[in-house]
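Okay, so here's the structure we're looking at.
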Amino acid sequence: MLVPKKNRLLIYSYLFKEGTIVCKKDMFLPKHPQLAVPNLQVMKLMQSLCSRNFVKELYNWQHFYYTLTNKGIDYLRDYLHLPADTVPTTLKKPEKPQPAPSFVLKTKFGAAERRGRDREEYRKGKSFGEAPEGFNPDFNGRRSGFR
């Protein structure tokens, strides 16, 4: 499919900047949600890059998910005339690490503090006792009980 150079540059630059692109499987969609180009052109360019192993394709729930490979990064760097130190955002490390998630739920009235104690009290509290005298369960495959 012939894609205008302006649209091709727009798609390739977006793909290189983000490192990934999502494309809905809808050939009649007039515009791609992130780009001002027809969705069909995005689909066909990504199909072309996928056949040359420049992007990796994943399809799920009527959407194509494309991620750049190392070979694709080199190709787009040459095509877009970018310096060698420029990398997609998917390969950049975050500047400051995110704090580890706390698994303690903080709710009103200190419920998170009591949670562990409640379980311990429950377990050592009431005993359900022994089985009643004469209780003899039978599991031989016969059907018994309610009909």
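How things are named: the first chain in the structure tokens is A, the next is B, and so on; residues count from 1 in each chain; ligands count from 1 in the order shown.
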
Write out as a PDB file with N, CA and C atoms, in the first residue's frame each polymer residue whose atoms come within 10 Å of Met27 (chain A), counting only C-alpha atoms; drop sequence neighbours fewer than 2 positions from it.
```pdb
ATOM      1  N   LYS A  24      -6.067  -0.608  16.580  1.00  0.00           N
ATOM      2  CA  LYS A  24      -7.310  -1.374  16.596  1.00  0.00           C
ATOM      3  C   LYS A  24      -7.510  -2.049  15.245  1.00  0.00           C
ATOM      4  N   LYS A  25      -8.021  -3.274  15.267  1.00  0.00           N
ATOM      5  CA  LYS A  25      -8.255  -4.005  14.019  1.00  0.00           C
ATOM      6  C   LYS A  25      -9.571  -3.512  13.413  1.00  0.00           C
ATOM      7  N   LEU A  29     -11.693   2.614  10.283  1.00  0.00           N
ATOM      8  CA  LEU A  29     -11.549   3.692  11.250  1.00  0.00           C
ATOM      9  C   LEU A  29     -10.877   4.875  10.557  1.00  0.00           C
ATOM     10  N   PRO A  30     -11.512   6.058  10.538  1.00  0.00           N
ATOM     11  CA  PRO A  30     -10.957   7.162   9.755  1.00  0.00           C
ATOM     12  C   PRO A  30      -9.603   7.664  10.262  1.00  0.00           C
ATOM     13  N   LYS A  31      -9.426   7.719  11.576  1.00  0.00           N
ATOM     14  CA  LYS A  31      -8.158   8.205  12.142  1.00  0.00           C
ATOM     15  C   LYS A  31      -7.703   7.280  13.257  1.00  0.00           C
ATOM     16  N   PRO A  38      -4.879   7.830   8.843  1.00  0.00           N
ATOM     17  CA  PRO A  38      -5.853   6.731   8.792  1.00  0.00           C
ATOM     18  C   PRO A  38      -5.316   5.460   9.461  1.00  0.00           C
ATOM     19  N   ASN A  39      -6.199   4.766  10.132  1.00  0.00           N
ATOM     20  CA  ASN A  39      -5.813   3.562  10.859  1.00  0.00           C
ATOM     21  C   ASN A  39      -5.292   2.478   9.915  1.00  0.00           C
ATOM     22  N   LEU A  40      -5.819   2.414   8.712  1.00  0.00           N
ATOM     23  CA  LEU A  40      -5.377   1.420   7.739  1.00  0.00           C
ATOM     24  C   LEU A  40      -3.903   1.595   7.399  1.00  0.00           C
ATOM     25  N   GLN A  41      -3.450   2.839   7.274  1.00  0.00           N
ATOM     26  CA  GLN A  41      -2.040   3.083   6.972  1.00  0.00           C
ATOM     27  C   GLN A  41      -1.143   2.629   8.122  1.00  0.00           C
ATOM     28  N   VAL A  42      -1.585   2.851   9.342  1.00  0.00           N
ATOM     29  CA  VAL A  42      -0.806   2.395  10.499  1.00  0.00           C
ATOM     30  C   VAL A  42      -0.738   0.870  10.492  1.00  0.00           C
ATOM     31  N   MET A  43      -1.867   0.212  10.238  1.00  0.00           N
ATOM     32  CA  MET A  43      -1.894  -1.248  10.203  1.00  0.00           C
ATOM     33  C   MET A  43      -0.939  -1.809   9.157  1.00  0.00           C
ATOM     34  N   LYS A  44      -0.964  -1.233   7.967  1.00  0.00           N
ATOM     35  CA  LYS A  44      -0.146  -1.764   6.873  1.00  0.00           C
ATOM     36  C   LYS A  44       1.341  -1.486   7.079  1.00  0.00           C
TER      37      LYS A  44
END
```

Within 12 Å of Leu91 (chain A), counting only C-alpha atoms, which residues qualify if same-chain residues fewer than 5 places away don't, as a tab-separated table (two decimals) with N, CA and C atoms, in the first residue's frame?
```tsv
chain	number	residue	atom	x	y	z
A	16	PHE	N	9.08	5.22	17.25
A	16	PHE	CA	10.41	5.28	17.84
A	16	PHE	C	10.38	5.99	19.18
A	17	LYS	N	9.59	7.06	19.28
A	17	LYS	CA	9.53	7.83	20.53
A	17	LYS	C	8.95	6.97	21.66
A	18	GLU	N	7.85	6.27	21.39
A	18	GLU	CA	7.19	5.49	22.43
A	18	GLU	C	7.78	4.08	22.59
A	19	GLY	N	8.23	3.49	21.50
A	19	GLY	CA	8.73	2.12	21.55
A	19	GLY	C	7.64	1.09	21.30
A	20	THR	N	6.39	1.51	21.43
A	20	THR	CA	5.25	0.63	21.17
A	20	THR	C	4.16	1.43	20.48
A	67	THR	N	5.67	-3.84	19.39
A	67	THR	CA	6.81	-3.33	20.15
A	67	THR	C	8.06	-3.43	19.27
A	68	LEU	N	8.92	-2.46	19.40
A	68	LEU	CA	10.14	-2.42	18.60
A	68	LEU	C	11.14	-3.46	19.07
A	69	THR	N	11.83	-4.07	18.14
A	69	THR	CA	12.95	-4.95	18.46
A	69	THR	C	14.24	-4.14	18.31
A	70	ASN	N	15.35	-4.73	18.70
A	70	ASN	CA	16.64	-4.03	18.57
A	70	ASN	C	16.95	-3.74	17.10
A	73	ILE	N	14.89	-0.78	16.09
A	73	ILE	CA	15.42	0.48	16.61
A	73	ILE	C	16.53	0.99	15.70
A	85	ASP	N	22.67	7.81	20.33
A	85	ASP	CA	22.36	7.78	21.76
A	85	ASP	C	20.86	7.96	22.05
A	86	THR	N	20.04	8.17	21.03
A	86	THR	CA	18.60	8.32	21.22
A	86	THR	C	17.96	6.93	21.30
```

CA of Pro88 (chain A) and CA of Leu45 (chain A), how far apart in Å?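 Going from CA of Leu45 (chain A) over to CA of Pro88 (chain A) covers 18.4 Å.
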
Surrounding residues of Lys5 (chain A) excluding itself and chain neighbours under 5 positions, 12 Å, only C-alpha atoms, as a ChimeraX atom specification: /A:10-13,37,41,45,79-80

Could you pull out the residues in region 40-104 of chain A that DSSP calls alpha helix (DSSP H) from the backbone, as an mmCIF file with all heavy atoms, in the first residue's frame?
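result20.cif, written as the output of this step:
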```cif
data_model
loop_
_atom_site.group_PDB
_atom_site.id
_atom_site.type_symbol
_atom_site.label_atom_id
_atom_site.label_comp_id
_atom_site.auth_asym_id
_atom_site.auth_seq_id
_atom_site.Cartn_x
_atom_site.Cartn_y
_atom_site.Cartn_z
ATOM 1 N N LEU A 40 -5.819 2.414 8.712
ATOM 2 C CA LEU A 40 -5.377 1.420 7.739
ATOM 3 C C LEU A 40 -3.903 1.595 7.399
ATOM 4 O O LEU A 40 -3.161 0.613 7.278
ATOM 5 C CB LEU A 40 -6.228 1.501 6.473
ATOM 6 C CG LEU A 40 -5.889 0.505 5.377
ATOM 7 C CD1 LEU A 40 -6.123 -0.913 5.869
ATOM 8 C CD2 LEU A 40 -6.707 0.777 4.139
ATOM 9 N N GLN A 41 -3.450 2.839 7.274
ATOM 10 C CA GLN A 41 -2.040 3.083 6.972
ATOM 11 C C GLN A 41 -1.143 2.629 8.122
ATOM 12 O O GLN A 41 -0.070 2.063 7.898
ATOM 13 C CB GLN A 41 -1.820 4.562 6.667
ATOM 14 C CG GLN A 41 -2.468 4.993 5.379
ATOM 15 C CD GLN A 41 -2.287 6.460 5.093
ATOM 16 O OE1 GLN A 41 -1.679 7.199 5.866
ATOM 17 N NE2 GLN A 41 -2.830 6.898 3.964
ATOM 18 N N VAL A 42 -1.585 2.851 9.342
ATOM 19 C CA VAL A 42 -0.806 2.395 10.499
ATOM 20 C C VAL A 42 -0.738 0.870 10.492
ATOM 21 O O VAL A 42 0.342 0.288 10.686
ATOM 22 C CB VAL A 42 -1.424 2.906 11.821
ATOM 23 C CG1 VAL A 42 -0.679 2.355 13.018
ATOM 24 C CG2 VAL A 42 -1.446 4.413 11.858
ATOM 25 N N MET A 43 -1.867 0.212 10.238
ATOM 26 C CA MET A 43 -1.894 -1.248 10.203
ATOM 27 C C MET A 43 -0.939 -1.809 9.157
ATOM 28 O O MET A 43 -0.184 -2.749 9.412
ATOM 29 C CB MET A 43 -3.306 -1.758 9.923
ATOM 30 C CG MET A 43 -4.263 -1.625 11.078
ATOM 31 S SD MET A 43 -5.954 -2.076 10.656
ATOM 32 C CE MET A 43 -5.782 -3.776 10.170
ATOM 33 N N LYS A 44 -0.964 -1.233 7.967
ATOM 34 C CA LYS A 44 -0.146 -1.764 6.873
ATOM 35 C C LYS A 44 1.341 -1.486 7.079
ATOM 36 O O LYS A 44 2.186 -2.329 6.755
ATOM 37 C CB LYS A 44 -0.616 -1.189 5.529
ATOM 38 C CG LYS A 44 -1.980 -1.718 5.122
ATOM 39 C CD LYS A 44 -1.957 -3.235 5.080
ATOM 40 C CE LYS A 44 -3.322 -3.830 4.842
ATOM 41 N NZ LYS A 44 -3.301 -5.278 4.821
ATOM 42 N N LEU A 45 1.675 -0.321 7.629
ATOM 43 C CA LEU A 45 3.093 -0.058 7.910
ATOM 44 C C LEU A 45 3.619 -0.992 8.990
ATOM 45 O O LEU A 45 4.742 -1.497 8.895
ATOM 46 C CB LEU A 45 3.296 1.396 8.333
ATOM 47 C CG LEU A 45 3.327 2.415 7.211
ATOM 48 C CD1 LEU A 45 3.478 3.812 7.770
ATOM 49 C CD2 LEU A 45 4.455 2.122 6.247
ATOM 50 N N MET A 46 2.815 -1.246 10.004
ATOM 51 C CA MET A 46 3.240 -2.157 11.067
ATOM 52 C C MET A 46 3.330 -3.589 10.547
ATOM 53 O O MET A 46 4.221 -4.340 10.939
ATOM 54 C CB MET A 46 2.275 -2.093 12.258
ATOM 55 C CG MET A 46 2.322 -0.798 13.021
ATOM 56 S SD MET A 46 3.939 -0.460 13.699
ATOM 57 C CE MET A 46 4.457 0.886 12.682
ATOM 58 N N GLN A 47 2.436 -3.958 9.644
ATOM 59 C CA GLN A 47 2.498 -5.284 9.024
ATOM 60 C C GLN A 47 3.798 -5.439 8.233
ATOM 61 O O GLN A 47 4.445 -6.481 8.273
ATOM 62 C CB GLN A 47 1.296 -5.472 8.109
ATOM 63 C CG GLN A 47 1.184 -6.823 7.497
ATOM 64 C CD GLN A 47 -0.046 -6.943 6.595
ATOM 65 O OE1 GLN A 47 -0.640 -5.946 6.196
ATOM 66 N NE2 GLN A 47 -0.416 -8.159 6.291
ATOM 67 N N SER A 48 4.192 -4.378 7.542
ATOM 68 C CA SER A 48 5.436 -4.400 6.778
ATOM 69 C C SER A 48 6.651 -4.517 7.702
ATOM 70 O O SER A 48 7.570 -5.294 7.446
ATOM 71 C CB SER A 48 5.534 -3.127 5.937
ATOM 72 O OG SER A 48 6.791 -3.028 5.341
ATOM 73 N N LEU A 49 6.637 -3.740 8.793
ATOM 74 C CA LEU A 49 7.755 -3.813 9.736
ATOM 75 C C LEU A 49 7.808 -5.172 10.441
ATOM 76 O O LEU A 49 8.888 -5.681 10.726
ATOM 77 C CB LEU A 49 7.643 -2.692 10.773
ATOM 78 C CG LEU A 49 7.882 -1.269 10.272
ATOM 79 C CD1 LEU A 49 7.635 -0.273 11.380
ATOM 80 C CD2 LEU A 49 9.268 -1.117 9.705
ATOM 81 N N CYS A 50 6.650 -5.749 10.681
ATOM 82 C CA CYS A 50 6.588 -7.052 11.344
ATOM 83 C C CYS A 50 7.152 -8.153 10.440
ATOM 84 O O CYS A 50 7.835 -9.058 10.913
ATOM 85 C CB CYS A 50 5.152 -7.360 11.737
ATOM 86 S SG CYS A 50 4.986 -8.812 12.764
ATOM 87 N N SER A 51 6.891 -8.055 9.149
ATOM 88 C CA SER A 51 7.400 -9.077 8.229
ATOM 89 C C SER A 51 8.917 -9.018 8.105
ATOM 90 O O SER A 51 9.552 -10.011 7.774
ATOM 91 C CB SER A 51 6.754 -8.924 6.855
ATOM 92 O OG SER A 51 7.201 -7.746 6.236
ATOM 93 N N ASN A 70 15.355 -4.733 18.700
ATOM 94 C CA ASN A 70 16.640 -4.034 18.570
ATOM 95 C C ASN A 70 16.953 -3.745 17.100
ATOM 96 O O ASN A 70 17.477 -2.685 16.759
ATOM 97 C CB ASN A 70 17.759 -4.858 19.201
ATOM 98 C CG ASN A 70 17.626 -4.901 20.708
ATOM 99 O OD1 ASN A 70 17.056 -3.996 21.316
ATOM 100 N ND2 ASN A 70 18.137 -5.953 21.311
ATOM 101 N N LYS A 71 16.623 -4.692 16.253
ATOM 102 C CA LYS A 71 16.827 -4.511 14.816
ATOM 103 C C LYS A 71 15.964 -3.356 14.298
ATOM 104 O O LYS A 71 16.400 -2.556 13.464
ATOM 105 C CB LYS A 71 16.465 -5.823 14.122
ATOM 106 C CG LYS A 71 16.918 -5.974 12.715
ATOM 107 C CD LYS A 71 16.618 -7.416 12.288
ATOM 108 C CE LYS A 71 16.634 -7.542 10.791
ATOM 109 N NZ LYS A 71 16.261 -8.880 10.350
ATOM 110 N N GLY A 72 14.746 -3.251 14.806
ATOM 111 C CA GLY A 72 13.843 -2.174 14.411
ATOM 112 C C GLY A 72 14.300 -0.817 14.906
ATOM 113 O O GLY A 72 14.127 0.197 14.220
ATOM 114 N N ILE A 73 14.891 -0.780 16.087
ATOM 115 C CA ILE A 73 15.423 0.483 16.612
ATOM 116 C C ILE A 73 16.533 0.987 15.703
ATOM 117 O O ILE A 73 16.579 2.176 15.352
ATOM 118 C CB ILE A 73 15.921 0.297 18.059
ATOM 119 C CG1 ILE A 73 14.731 0.052 18.990
ATOM 120 C CG2 ILE A 73 16.705 1.504 18.528
ATOM 121 C CD1 ILE A 73 15.120 -0.350 20.393
ATOM 122 N N ASP A 74 17.426 0.090 15.279
ATOM 123 C CA ASP A 74 18.515 0.486 14.373
ATOM 124 C C ASP A 74 17.966 0.973 13.032
ATOM 125 O O ASP A 74 18.437 1.978 12.486
ATOM 126 C CB ASP A 74 19.467 -0.691 14.151
ATOM 127 C CG ASP A 74 20.209 -1.070 15.418
ATOM 128 O OD1 ASP A 74 20.349 -0.211 16.315
ATOM 129 O OD2 ASP A 74 20.637 -2.239 15.514
ATOM 130 N N TYR A 75 16.960 0.267 12.500
ATOM 131 C CA TYR A 75 16.376 0.659 11.220
ATOM 132 C C TYR A 75 15.732 2.040 11.303
ATOM 133 O O TYR A 75 15.957 2.898 10.445
ATOM 134 C CB TYR A 75 15.340 -0.379 10.768
ATOM 135 C CG TYR A 75 14.549 0.059 9.566
ATOM 136 C CD1 TYR A 75 15.123 0.026 8.295
ATOM 137 C CD2 TYR A 75 13.248 0.534 9.695
ATOM 138 C CE1 TYR A 75 14.406 0.446 7.187
ATOM 139 C CE2 TYR A 75 12.531 0.952 8.600
ATOM 140 C CZ TYR A 75 13.111 0.909 7.346
ATOM 141 O OH TYR A 75 12.403 1.336 6.249
ATOM 142 N N LEU A 76 14.927 2.274 12.346
ATOM 143 C CA LEU A 76 14.260 3.570 12.471
ATOM 144 C C LEU A 76 15.245 4.698 12.762
ATOM 145 O O LEU A 76 15.041 5.831 12.335
ATOM 146 C CB LEU A 76 13.187 3.520 13.562
ATOM 147 C CG LEU A 76 11.933 2.727 13.204
ATOM 148 C CD1 LEU A 76 10.946 2.754 14.343
ATOM 149 C CD2 LEU A 76 11.284 3.260 11.948
ATOM 150 N N ARG A 77 16.318 4.393 13.480
ATOM 151 C CA ARG A 77 17.349 5.404 13.725
ATOM 152 C C ARG A 77 17.967 5.857 12.405
ATOM 153 O O ARG A 77 18.182 7.046 12.183
ATOM 154 C CB ARG A 77 18.418 4.811 14.632
ATOM 155 C CG ARG A 77 18.818 5.738 15.724
ATOM 156 C CD ARG A 77 19.918 5.167 16.564
ATOM 157 N NE ARG A 77 19.404 4.857 17.879
ATOM 158 C CZ ARG A 77 19.691 3.779 18.574
ATOM 159 N NH1 ARG A 77 20.502 2.870 18.075
ATOM 160 N NH2 ARG A 77 19.181 3.598 19.755
ATOM 161 N N ASP A 78 18.226 4.895 11.520
ATOM 162 C CA ASP A 78 18.781 5.235 10.204
ATOM 163 C C ASP A 78 17.745 5.959 9.347
ATOM 164 O O ASP A 78 18.071 6.939 8.680
ATOM 165 C CB ASP A 78 19.259 3.970 9.471
ATOM 166 C CG ASP A 78 20.475 3.355 10.122
ATOM 167 O OD1 ASP A 78 21.172 4.056 10.869
ATOM 168 O OD2 ASP A 78 20.715 2.152 9.880
ATOM 169 N N TYR A 79 16.507 5.496 9.359
ATOM 170 C CA TYR A 79 15.464 6.078 8.515
ATOM 171 C C TYR A 79 15.129 7.503 8.936
ATOM 172 O O TYR A 79 14.920 8.377 8.095
ATOM 173 C CB TYR A 79 14.207 5.207 8.572
ATOM 174 C CG TYR A 79 13.165 5.599 7.560
ATOM 175 C CD1 TYR A 79 13.192 5.076 6.277
ATOM 176 C CD2 TYR A 79 12.167 6.509 7.880
ATOM 177 C CE1 TYR A 79 12.245 5.440 5.336
ATOM 178 C CE2 TYR A 79 11.208 6.881 6.955
ATOM 179 C CZ TYR A 79 11.262 6.343 5.681
ATOM 180 O OH TYR A 79 10.324 6.724 4.749
ATOM 181 N N LEU A 80 15.070 7.742 10.252
ATOM 182 C CA LEU A 80 14.712 9.066 10.760
ATOM 183 C C LEU A 80 15.924 9.986 10.977
ATOM 184 O O LEU A 80 15.757 11.117 11.418
ATOM 185 C CB LEU A 80 13.944 8.928 12.087
ATOM 186 C CG LEU A 80 12.621 8.173 12.011
ATOM 187 C CD1 LEU A 80 12.085 7.904 13.404
ATOM 188 C CD2 LEU A 80 11.616 8.946 11.179
#
```

Which residue, A:His81, A:Lys6, A:His63, A:Lys93, has the smallest gap to Val22 (chain A) when you use only C-alpha atoms?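 Of A:His81, A:Lys6, A:His63, A:Lys93, the one nearest Val22 (chain A) is A:His63, counting only C-alpha atoms.
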
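Computed from the coordinates, the CA of Gln34 (chain A) to CA of Tyr14 (chain A) distance equals 9.0 Å.
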